[in-house]
$ cat my_file-v5.txt   # compact mmCIF, C-alpha atoms
# COMPACT_ATOMS: atom_id res chain seq x y z
CA MET M 1 -0.25 -81.63 7.04
CA GLY M 2 -1.07 -78.16 8.48
CA ASP M 3 2.08 -77.73 10.57
CA ALA M 4 1.16 -74.09 11.24
CA LEU M 5 -0.55 -74.72 14.56
CA LYS M 6 0.13 -71.97 17.06
CA LEU M 7 0.53 -73.65 20.42
CA ASP M 8 2.15 -72.17 23.50
CA ASP M 9 4.35 -74.51 25.51
CA ALA M 10 1.58 -75.54 27.93
CA ILE M 11 -0.87 -76.37 25.13
CA ALA M 12 1.86 -78.10 23.10
CA THR M 13 2.62 -80.28 26.12
CA MET M 14 -1.06 -81.17 26.45
CA TYR M 15 -1.23 -81.94 22.70
CA ILE M 16 1.75 -84.28 23.04
CA GLU M 17 0.18 -85.94 26.09
CA ALA M 18 -3.03 -86.46 24.09
CA LEU M 19 -1.07 -88.16 21.30
CA ALA M 20 0.62 -90.40 23.86
CA ALA M 21 -2.73 -91.25 25.45
CA ILE M 22 -4.09 -92.26 22.05
CA ALA M 23 -1.01 -94.37 21.32
CA ARG M 24 -1.47 -96.10 24.72
CA ALA M 25 -5.20 -96.70 24.19
CA ASP M 26 -4.60 -100.35 23.30
CA GLN M 27 -2.39 -100.78 26.38
CA GLU M 28 0.88 -100.83 24.46
CA ILE M 29 3.12 -98.61 22.40
CA SER M 30 5.22 -100.55 19.92
CA THR M 31 8.76 -99.50 19.08
CA ASP M 32 7.51 -98.30 15.69
CA GLU M 33 4.70 -96.29 17.31
CA ALA M 34 7.16 -94.72 19.76
CA SER M 35 9.47 -93.73 16.91
CA ARG M 36 6.63 -92.25 14.87
CA LEU M 37 5.27 -90.45 17.94
CA ALA M 38 8.69 -88.88 18.50
CA ALA M 39 8.85 -87.79 14.84
CA VAL M 40 5.37 -86.25 14.95
CA VAL M 41 6.14 -84.47 18.21
CA ALA M 42 9.40 -83.08 16.80
CA ARG M 43 7.54 -81.80 13.74
CA ARG M 44 4.76 -80.16 15.77
CA SER M 45 6.56 -78.62 18.73
CA PRO M 46 9.90 -77.42 19.99
CA VAL M 47 8.84 -78.44 23.52
CA PRO M 48 11.30 -81.03 24.85
CA VAL M 49 9.65 -84.37 25.52
CA ASP M 50 10.48 -86.67 28.40
CA ALA M 51 9.50 -90.10 27.05
CA GLU M 52 9.25 -91.55 30.55
CA ALA M 53 6.98 -88.73 31.71
CA LEU M 54 4.74 -89.33 28.68
CA PHE M 55 4.20 -92.88 29.85
CA PHE M 56 2.49 -91.54 32.98
CA ALA M 57 1.01 -88.31 31.59
CA SER M 58 -2.67 -88.13 30.89
CA VAL M 59 -4.70 -85.24 29.59
CA THR M 60 -8.41 -85.73 29.08
CA PRO M 61 -10.12 -84.56 25.91
CA GLU M 62 -12.16 -82.15 28.00
CA ALA M 63 -9.08 -80.65 29.68
CA LEU M 64 -7.38 -80.08 26.33
CA ALA M 65 -10.53 -78.46 24.93
CA ALA M 66 -10.94 -76.24 28.00
CA ALA M 67 -7.32 -75.11 27.83
CA LEU M 68 -7.67 -74.25 24.15
CA ARG M 69 -10.83 -72.29 24.83
CA GLY M 70 -9.16 -70.44 27.69
CA GLY M 71 -11.32 -72.26 30.23
CA ASP M 72 -8.32 -73.08 32.36
CA ALA M 73 -7.36 -70.17 34.59
CA PHE M 74 -3.73 -71.28 34.52
CA ARG M 75 -3.43 -71.46 30.75
CA THR M 76 -4.37 -69.33 27.81
CA SER M 77 -4.89 -70.51 24.28
CA GLY M 78 -1.73 -70.68 22.25
CA GLY M 79 -3.48 -69.16 19.28
CA SER M 80 -5.03 -72.02 17.30
CA GLU M 81 -8.73 -72.65 17.66
CA PRO M 82 -9.87 -75.99 19.12
CA ARG M 83 -11.28 -77.40 15.87
CA ALA M 84 -8.01 -76.74 14.00
CA VAL M 85 -6.06 -78.39 16.81
CA GLY M 86 -8.53 -81.28 16.77
CA ARG M 87 -8.11 -81.83 13.04
CA ALA M 88 -4.32 -81.84 13.43
CA LEU M 89 -4.59 -84.22 16.39
CA VAL M 90 -6.74 -86.64 14.37
CA ALA M 91 -4.23 -86.61 11.50
CA ASP M 92 -1.23 -87.01 13.80
CA ALA M 93 -2.88 -89.73 15.89
CA VAL M 94 -3.82 -91.75 12.81
CA GLU M 95 -0.26 -91.36 11.51
CA VAL M 96 1.08 -92.81 14.75
CA ALA M 97 -1.58 -95.52 15.08
CA THR M 98 -1.23 -96.84 11.53
CA VAL M 99 2.52 -97.33 11.67
CA ASP M 100 1.88 -100.89 12.90
CA GLY M 101 -1.15 -101.55 10.70
CA ASP M 102 -4.69 -100.27 10.80
CA VAL M 103 -6.19 -98.19 13.57
CA ASN M 104 -7.68 -100.55 16.17
CA ALA M 105 -10.98 -99.98 17.98
CA HIS M 106 -9.34 -98.73 21.21
CA GLU M 107 -7.28 -96.15 19.32
CA ALA M 108 -10.26 -95.11 17.18
CA HIS M 109 -12.56 -94.57 20.17
CA THR M 110 -9.88 -92.49 21.92
CA ILE M 111 -9.15 -90.40 18.82
CA LEU M 112 -12.85 -89.69 18.40
CA ARG M 113 -13.26 -88.70 22.06
CA TYR M 114 -10.63 -85.99 21.51
CA ALA M 115 -12.18 -85.03 18.17
CA ARG M 116 -15.63 -84.62 19.75
CA ALA M 117 -14.30 -82.52 22.63
CA LEU M 118 -12.45 -80.26 20.20
CA GLY M 119 -15.45 -79.71 17.94
CA VAL M 120 -14.27 -81.83 15.02
CA SER M 121 -17.14 -83.12 12.91
CA ALA M 122 -17.55 -86.50 11.23
CA ALA M 123 -17.12 -84.71 7.89
CA ASP M 124 -13.81 -83.23 9.12
CA VAL M 125 -12.55 -86.66 10.18
CA HIS M 126 -13.66 -88.25 6.91
CA ALA M 127 -11.82 -85.52 4.97
CA ILE M 128 -8.64 -86.27 6.94
CA THR M 129 -8.72 -90.06 6.83
CA HIS M 130 -10.86 -93.05 5.95
CA GLN M 131 -9.19 -95.10 8.70
CA LEU M 132 -11.91 -94.03 11.16
CA ASP M 133 -14.96 -94.39 8.91
CA GLU M 134 -16.16 -97.49 10.76
CA TRP M 135 -16.50 -95.48 13.97
CA LEU M 136 -17.69 -92.08 12.67
CA GLY M 137 -21.21 -92.64 14.01
CA GLU M 138 -19.74 -91.92 17.46
CA LEU M 139 -19.35 -88.25 16.51
CA GLY M 140 -23.11 -87.98 16.01
$ encode --input "my_file-v5.txt" --output "structure tokens"
Amino acid sequence: MGDALKLDDAIATMYIEALAAIARADQEISTDEASRLAAVVARRSPVPVDAEALFFASVTPEALAAALRGGDAFRTSGGSEPRAVGRALVADAVEVATVDGDVNAHEAHTILRYARALGVSAADVHAITHQLDEWLGELG
């Protein structure tokens, strides 16, 4: 799945934090989810991940979008445009969420909040996965 994202270390860290926030959306991360999250993170970024720090880290969809658009004075975009990052995030989040079955409503709502903030359309999400079809109306 489009592993060619160009993310600087700061954006990669935020991307990883977003994945962790999605995995925690249902108030728990199973052992299988944690393992899959680690595998996805290793595939996407060379940034070292502190699993304990991820437990407490939280990046909002709006903060990730602003950083990608260069709206954060302390960060500049790592090169990939927000929609491309959003599509990758949807795919990665669904990969992590489905390791223990289907995507649940909490995970779906959180994934779609990030998708909306990053400019990902319902058609984009549908092209990536059918796991979120039930909730696509939220993207308007």
$ closest_residue --input "my_file-v5.txt" --among "M:Asp92, M:Asp50, M:Asp32, M:Glu81" --to "Leu19 (chain M)" --atoms "only C-alpha atoms"
M:Asp92
$ closest_atom_pairs --input "my_file-v5.txt" --of "region 92-115 of chain M" --to "region 119-140 of chain M" --cutoff "9 Å" --atoms "all atoms listed in the file" --output "Markdown table"
| residue | atom | partner | partner_atom | distance |
| --- | --- | --- | --- | --- |
| M:Val94 | CA | M:Gln131 | CA | 7.5 |
| M:Thr98 | CA | M:Gln131 | CA | 8.6 |
| M:Asp102 | CA | M:Gln131 | CA | 7.2 |
| M:Val103 | CA | M:Gln131 | CA | 6.5 |
| M:Ala105 | CA | M:Trp135 | CA | 8.2 |
| M:Ala108 | CA | M:Leu132 | CA | 6.3 |
| M:His109 | CA | M:Trp135 | CA | 7.4 |
| M:Ile111 | CA | M:Leu132 | CA | 8.9 |
| M:Leu112 | CA | M:Leu139 | CA | 6.9 |
| M:Arg113 | CA | M:Leu139 | CA | 8.3 |
| M:Tyr114 | CA | M:Val120 | CA | 8.5 |
| M:Ala115 | CA | M:Val120 | CA | 5.0 |
$ write_last_selection --input "my_file-v5.txt" --atoms "C-alpha atoms" --output "PDB file, in the coordinates of the input"
ATOM      1  CA  VAL M  94      -3.820 -91.750  12.810  1.00  0.00           C
ATOM      2  CA  THR M  98      -1.230 -96.840  11.530  1.00  0.00           C
ATOM      3  CA  ASP M 102      -4.690-100.270  10.800  1.00  0.00           C
ATOM      4  CA  VAL M 103      -6.190 -98.190  13.570  1.00  0.00           C
ATOM      5  CA  ALA M 105     -10.980 -99.980  17.980  1.00  0.00           C
ATOM      6  CA  ALA M 108     -10.260 -95.110  17.180  1.00  0.00           C
ATOM      7  CA  HIS M 109     -12.560 -94.570  20.170  1.00  0.00           C
ATOM      8  CA  ILE M 111      -9.150 -90.400  18.820  1.00  0.00           C
ATOM      9  CA  LEU M 112     -12.850 -89.690  18.400  1.00  0.00           C
ATOM     10  CA  ARG M 113     -13.260 -88.700  22.060  1.00  0.00           C
ATOM     11  CA  TYR M 114     -10.630 -85.990  21.510  1.00  0.00           C
ATOM     12  CA  ALA M 115     -12.180 -85.030  18.170  1.00  0.00           C
TER      13      ALA M 115
END
$ atom_distance --input "my_file-v5.txt" --atom1 "CA of Leu7 (chain M)" --atom2 "CA of Ala53 (chain M)"
19.9 Å
$ atom_distance --input "my_file-v5.txt" --atom1 "CA of Ala23 (chain M)" --atom2 "CA of Arg44 (chain M)"
16.3 Å
$ atom_distance --input "my_file-v5.txt" --atom1 "CA of Asp100 (chain M)" --atom2 "CA of Ile11 (chain M)"
27.5 Å
$ closest_residue --input "my_file-v5.txt" --among "M:Val99, M:Leu118, M:Leu54, M:Ala38" --to "Thr13 (chain M)" --atoms "all atoms listed in the file"
M:Leu54
$ closest_residue --input "my_file-v5.txt" --among "M:Ala84, M:Val47, M:Leu37, M:Ala21" --to "Ala65 (chain M)" --atoms "only C-alpha atoms"
M:Ala84
$ closest_residue --input "my_file-v5.txt" --among "M:Leu64, M:Ala57, M:Ile29, M:Ala34" --to "Leu89 (chain M)" --atoms "all atoms listed in the file"
M:Leu64
$ closest_residue --input "my_file-v5.txt" --among "M:Pro46, M:Asn104, M:Glu95, M:Arg116" --to "Lys6 (chain M)" --atoms "only C-alpha atoms"
M:Pro46
